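**Q** Have a look at this one before I ask anything.
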Amino acid sequence: VDALARILLERSGEQIVFSSLAGDVRVSEVTIREWISTLNSFYLGFYVRPWSKHVANALKKTPKWYSRDWSYCEDEGRRAETLVACHLLKAVEFWTDCGLGEYNLYYIRDRQKNEVDFLVSRGRDPWFLVEVKARDTHLSPALKRMQDAIGARHAFQVVFDLPYEHIDCFAYNEPVVVPAKTFLSQLV
């Protein structure tokens with residue numbers, strides 16, 4: 001289990017291919033699934049499942065795994081994505097637990113490798129998309145493409161290397177670049 005935990009900490013934000021992990025750790029795929037379930041129950045990490053409704057050629061089965069401790073991520077982009085994943089998970093759990101509705105966290109990726117890091121759904125409908133970048137302020141084309149495909153109300157490119165701005169992120173319906181500090185302050 002220790003070897004698997006170390007591998008998962010290094011691969012935060014990556015898709016989980018159980019058969020590949022089984023080969024890396026040299027145990028069965030069933031064992032890998034059980035160990036990951038155990039690690040999730042100990043709050044080492046969590047799954048983000050793919051959203052496929054209204055997305056042509058969408059991935060439907062392969063979840064991503066995120067560490068609950070982003071400080072283990074050496075890569076700046078991976079650390080930023082993992083930090084946002086943790087905050088989004090906290091937000092959807094809070095909103096659901098407070099009785100504001102049923103909220104869930106997903107990611108979107110199609111077979112052509114167009115991907116948006118996160119989708120938050122409200123009820124069974126897409127609410128907002130989030131693409132995380134460490135520095136890149138050029139809007140990702142996948143963000144607009146996926147927003148149009150699924151009908152999400154908001155689409156954000158969250159950039160860490162920007163100063164806080166006093167704006168309401170949720171006032172925008174078109175894809176918009178927002179500072180991470182601004183976006184995260186408006187969740188919970």
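Identifiers in the structure tokens: chain A, B, ... in order shown; residue index from 1 per chain; ligand index from 1 in order shown.
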Write out as a PyMOL selection string the residues lying within 12 Å of stretch 89-104 of chain A, counting only C-alpha atoms and excluding same-chain residues fewer than 6 positions away.

**A** chain A and resi 45-51+66-68+82-83+118-129+183-188

**Q** Please identify which residues in stretch 45-140 of chain A DSSP calls alpha helix (DSSP H) from the backbone, and express them as a list of chain:residue names.

**A**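 Alpha helix (DSSP H) members of stretch 45-140 of chain A, listed: A:Glu76, A:Gly77, A:Arg78, A:Arg79, A:Ala80, A:Glu81, A:Thr82, A:Leu83, A:Val84, A:Ala85, A:Cys86, A:His87, A:Leu88, A:Leu89, A:Lys90, A:Ala91, A:Val92, A:Glu93, A:Phe94, A:Trp95, A:Thr96, A:Asp97.
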
**Q** Go ahead and save the picked residues with C-alpha atoms, as an mmCIF file, in the first residue's frame.

**A**
data_model
loop_
_atom_site.group_PDB
_atom_site.id
_atom_site.type_symbol
_atom_site.label_atom_id
_atom_site.label_comp_id
_atom_site.auth_asym_id
_atom_site.auth_seq_id
_atom_site.Cartn_x
_atom_site.Cartn_y
_atom_site.Cartn_z
ATOM 1 C CA GLU A 76 3.619 23.996 -10.313
ATOM 2 C CA GLY A 77 0.725 23.318 -12.695
ATOM 3 C CA ARG A 78 -0.165 20.021 -11.043
ATOM 4 C CA ARG A 79 -0.038 21.684 -7.597
ATOM 5 C CA ALA A 80 -2.362 24.474 -8.771
ATOM 6 C CA GLU A 81 -4.840 22.001 -10.281
ATOM 7 C CA THR A 82 -4.794 19.830 -7.155
ATOM 8 C CA LEU A 83 -5.358 22.847 -4.881
ATOM 9 C CA VAL A 84 -8.377 23.929 -6.942
ATOM 10 C CA ALA A 85 -9.702 20.339 -6.970
ATOM 11 C CA CYS A 86 -9.577 20.260 -3.171
ATOM 12 C CA HIS A 87 -11.396 23.587 -2.886
ATOM 13 C CA LEU A 88 -14.047 22.594 -5.412
ATOM 14 C CA LEU A 89 -14.638 19.301 -3.592
ATOM 15 C CA LYS A 90 -15.011 21.195 -0.303
ATOM 16 C CA ALA A 91 -17.473 23.588 -1.957
ATOM 17 C CA VAL A 92 -19.698 20.907 -3.546
ATOM 18 C CA GLU A 93 -19.763 18.922 -0.302
ATOM 19 C CA PHE A 94 -20.626 22.058 1.680
ATOM 20 C CA TRP A 95 -23.394 23.171 -0.683
ATOM 21 C CA THR A 96 -24.893 19.671 -0.711
ATOM 22 C CA ASP A 97 -24.604 19.220 3.071
#

**Q** Atom CA of A:Ala22 and atom CA of A:Arg6 are how many Å apart?

**A**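 These two atoms are separated by 13.8 Å.
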
**Q** Would you work out the distance separating atom CA of A:Val177 from atom CA of A:Asp117, expressed in Å to one decimal?

**A**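 These two atoms are separated by 14.3 Å.
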
**Q** Quick one: DSSP strand (DSSP E or B) residues in chain A, as number ranges by chain?

**A** A: 14-15, 45-50, 58, 64-67, 103-110, 115-122, 125-133, 154-159, 176-179

**Q** Kindly indicate which residue among A:Lys64, A:His166, A:Lys133, A:Lys181 lies nearest to A:Ser12, using only C-alpha atoms for the distances.

**A**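 Under the stated criterion, the closest residue is A:Lys64.
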
**Q** Applying 9 Å and only C-alpha atoms, which residues near stretch 26-40 of chain A remain after dropping the ones on its own chain fewer than 5 positions away? List them as a PyMOL selection string.

**A** chain A and resi 1+4-5+8+18-21+45-47

**Q** So the first atom is atom CA of A:Leu162 and the second is atom CA of A:Asp136; what is the distance between them in Å, to one decimal place?

**A**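 Interatomic distance, atom CA of A:Leu162 to atom CA of A:Asp136: 9.8 Å.
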
**Q** Need the shell around stretch 143-157 of chain A: protein/DNA/RNA residues with any atom at most 7 Å away, counting only C-alpha atoms. Skip same-chain ones fewer than 4 positions apart. Format as a PyMOL selection string?

**A** chain A and resi 54-55+116+126-132+139+170+172-178

**Q** Restricted to C-alpha atoms, what would the selected residues look like written as a tab-separated table (two decimals), in the first residue's frame?

**A**
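Dumped everything to out-v2.tsv:
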chain	number	residue	atom	x	y	z
A	54	HIS	CA	-23.79	15.93	-24.43
A	55	VAL	CA	-20.05	15.57	-25.15
A	116	VAL	CA	-11.50	20.89	-19.15
A	126	PRO	CA	-23.79	21.51	-15.62
A	127	TRP	CA	-23.30	24.75	-13.69
A	128	PHE	CA	-19.73	25.93	-14.27
A	129	LEU	CA	-16.47	24.82	-15.86
A	130	VAL	CA	-12.98	25.46	-14.49
A	131	GLU	CA	-9.69	25.24	-16.36
A	132	VAL	CA	-6.68	25.76	-14.08
A	139	LEU	CA	-8.27	31.31	-22.89
A	170	PHE	CA	-20.32	34.47	-11.46
A	172	TYR	CA	-19.90	36.41	-16.42
A	173	ASN	CA	-21.57	33.89	-18.72
A	174	GLU	CA	-18.87	33.76	-21.41
A	175	PRO	CA	-15.50	32.13	-20.65
A	176	VAL	CA	-13.36	34.48	-18.59
A	177	VAL	CA	-9.88	34.52	-17.10
A	178	VAL	CA	-10.04	35.05	-13.33

**Q** Here is a test: counting only C-alpha atoms, which residue of A:Val159, A:Val25, A:Cys73, A:Ala142 is nearest to A:Glu10?

**A**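 Between A:Val159, A:Val25, A:Cys73, A:Ala142, the residue approaching A:Glu10 most closely is A:Cys73.
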